[in-house]
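Below you'll find the structure, written out as structure tokens, and then a few comments.
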Amino acid sequence: MIEDPGPKYRAPALEKGLAVLELLAHARAPMSLNAISRGLNRSVSELFRMIQVLEFRGYLEVSGTGEGYVLSNKLFALGMTRAPTRDLHDAALPIMHRLAEHIGQSCHLGVASADQMVIIARVEAPGDLGFSVRIGYRRSLIDSTSGLVLYAFQSDLVRGEWKKRLSPAVRRRDWVNFERRGHAARKAGYVTAASHAVRGVIDLSAPVRQSGSVAAALTVPYVKTARSLSVAETVGPLVQAAHEISSELGGRTPAASLKIAVDS
């Protein structure tokens with residue numbers, strides 16, 4: 001067996017900076033310099049200047065509580081300049097605005113990023129009341145409704161690849177439940193679930209397709225108000241909007257999903 005010789009060239013300072021960014025990207029809470037040092041098994045002195053430069057260049061920032069460092073949205077903003085993501089963003093926004101106006105709720109678009117989903121676009125609810133999720137928000141794929149949609153509606157081959165990558169870090173019972181919910185989602189054509197993050201919010205989510213795969217999850221964090229449509233009345237417009245975005249991107253939506261939109 002031929003061993004992987006590793007990279008042809010080494011850039012220790014660059015590798016150190018990337019390691020800091022990757023560590024913070026997976027952190028669930030702000031990390032102090034000492035915590036970053038322990039996480040990377042490097043001394044505080046060799047990381048101090050690196051972190052100062054990353055902060056100066058805007059890649060990370062001190063958290064609002066002052067308890068440590070977090071990633072800024074700069075990497076996200078750079079990623080958004082890539083053509084495929086910008087095409088998705090540009091195709092979705094006009095349709096999302098029409099959807100929000102029709103249903104009286106906010107909506108957002110989430111895409112997969114490693115083992116997480118990240119919000120790349122949102123439209124606020126019309127009027128004075130509503131709930132929305134900020135752009136750049138991240139959450140584990142298996143702990144979010146958008147993540148469930150992104151996984152469940154992929155092809156069998158893609159789901160198999162994702163399973164190999166995601167399931168080892170999850171308790172078997174939780175993964176079985178995740179797969180069960182994914183199967184139910186595929187039968188229904190969309191997902192309705194209590195929010196993982198906020199009590200009283202019901203997540204309604206449908207897949208957006210592009211080039212034969214699921215590119216994004218269009219999600220409505222539904223909040224019941226005196227003037228809101230019912231959940232059942234909201235699902236149809238949501239699924240139809242996801243289909244319209246897919247059509248703009250050249251994606252194909254199964255007939256079952258269209259039937260839901262028409263019948264709802």
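Naming scheme: A, B, ... for chains in displayed order of the structure tokens; residues 1 onward per chain; ligands 1 onward as shown.
Residue neighbourhood of region 11-25 of chain A, excluding near-sequence residues (fewer than 6 positions): Met31, Ile36, Gly39, Leu40, Leu47, Met50, Ile51, Leu54, Tyr59, Leu60, Tyr69, Val70 and Leu71 of chain A, at 9 Å, using only C-alpha atoms.
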Quick one: write out the picked residues with C-alpha atoms as a PDB file, in the first residue's frame?
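See result39.pdb below for the written result:
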```
ATOM      1  CA  MET A  31     -13.326  30.115  23.114  1.00  0.00           C
ATOM      2  CA  ILE A  36      -7.885  27.520  21.728  1.00  0.00           C
ATOM      3  CA  GLY A  39      -7.838  22.580  21.615  1.00  0.00           C
ATOM      4  CA  LEU A  40      -4.925  22.780  19.152  1.00  0.00           C
ATOM      5  CA  LEU A  47      -1.034  31.471  18.909  1.00  0.00           C
ATOM      6  CA  MET A  50      -1.954  34.641  14.926  1.00  0.00           C
ATOM      7  CA  ILE A  51      -5.239  35.368  16.703  1.00  0.00           C
ATOM      8  CA  LEU A  54      -7.110  37.104  12.394  1.00  0.00           C
ATOM      9  CA  TYR A  59     -12.062  36.743  10.457  1.00  0.00           C
ATOM     10  CA  LEU A  60     -12.835  36.420  14.137  1.00  0.00           C
ATOM     11  CA  TYR A  69     -13.451  34.507  20.391  1.00  0.00           C
ATOM     12  CA  VAL A  70     -16.012  33.523  17.752  1.00  0.00           C
ATOM     13  CA  LEU A  71     -15.916  33.499  13.968  1.00  0.00           C
TER      14      LEU A  71
END
```
Polymer residues at most 12 Å from Ser230 (chain A), only C-alpha atoms, same-chain spacing of 5 or more positions, as a PyMOL selection string: chain A and resi 103-105+202+204+222-225+235-237+264
Limited to C-alpha atoms, could you put the picked residues into a file as a PDB file, in the first residue's frame?
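File written: result.pdb
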```
ATOM      1  CA  ILE A 103     -48.266  33.823   4.545  1.00  0.00           C
ATOM      2  CA  GLY A 104     -47.424  36.654   6.955  1.00  0.00           C
ATOM      3  CA  GLN A 105     -44.356  34.793   8.267  1.00  0.00           C
ATOM      4  CA  ILE A 202     -43.036  25.313  14.394  1.00  0.00           C
ATOM      5  CA  LEU A 204     -42.082  24.139   8.124  1.00  0.00           C
ATOM      6  CA  TYR A 222     -44.087  29.497  11.956  1.00  0.00           C
ATOM      7  CA  VAL A 223     -45.452  31.614  14.806  1.00  0.00           C
ATOM      8  CA  LYS A 224     -49.190  31.678  15.489  1.00  0.00           C
ATOM      9  CA  THR A 225     -50.598  35.200  15.689  1.00  0.00           C
ATOM     10  CA  VAL A 235     -47.547  24.505   3.915  1.00  0.00           C
ATOM     11  CA  GLY A 236     -48.966  24.730   0.381  1.00  0.00           C
ATOM     12  CA  PRO A 237     -47.472  28.154  -0.466  1.00  0.00           C
ATOM     13  CA  SER A 264     -53.278  22.498   0.489  1.00  0.00           C
TER      14      SER A 264
END
```
Which residues of region 176-253 of chain A come within 12 Å of region 116-135 of chain A, and for each one, what is the closest pair of atoms and their distance in Å to one decimal, counting only C-alpha atoms, sorted by chain and residue number, as a tab-separated table?
```
residue	atom	partner	partner_atom	distance
A:Ser195	CA	A:Val133	CA	11.7
A:Ala197	CA	A:Val133	CA	10.5
A:Val198	CA	A:Phe131	CA	10.0
A:Arg199	CA	A:Phe131	CA	11.7
A:Gly200	CA	A:Phe131	CA	10.6
A:Val201	CA	A:Phe131	CA	8.4
A:Ile202	CA	A:Phe131	CA	10.7
A:Asp203	CA	A:Phe131	CA	11.1
A:Ala215	CA	A:Met117	CA	11.3
A:Ala216	CA	A:Met117	CA	9.2
A:Ala217	CA	A:Met117	CA	9.3
A:Leu218	CA	A:Arg122	CA	9.5
A:Thr219	CA	A:Arg122	CA	9.4
A:Val220	CA	A:Ser132	CA	8.6
A:Pro221	CA	A:Phe131	CA	6.8
A:Tyr222	CA	A:Phe131	CA	7.8
A:Val223	CA	A:Gly130	CA	6.8
A:Lys224	CA	A:Gly130	CA	9.1
A:Thr225	CA	A:Leu129	CA	8.0
A:Ala226	CA	A:Leu129	CA	10.2
A:Arg227	CA	A:Leu129	CA	10.1
A:Ser228	CA	A:Gly130	CA	10.0
```
Among listed residues A:His243, A:His102, A:Arg57, A:Lys74, nearest Gly189 (chain A) (using only C-alpha atoms): A:His243
Those of region 9-245 of chain A in DSSP alpha helix (DSSP H), formatted as number ranges by chain: A: 12-26, 33-40, 44-56, 74-79, 83-103, 145-152, 156-166, 172-188, 231-245
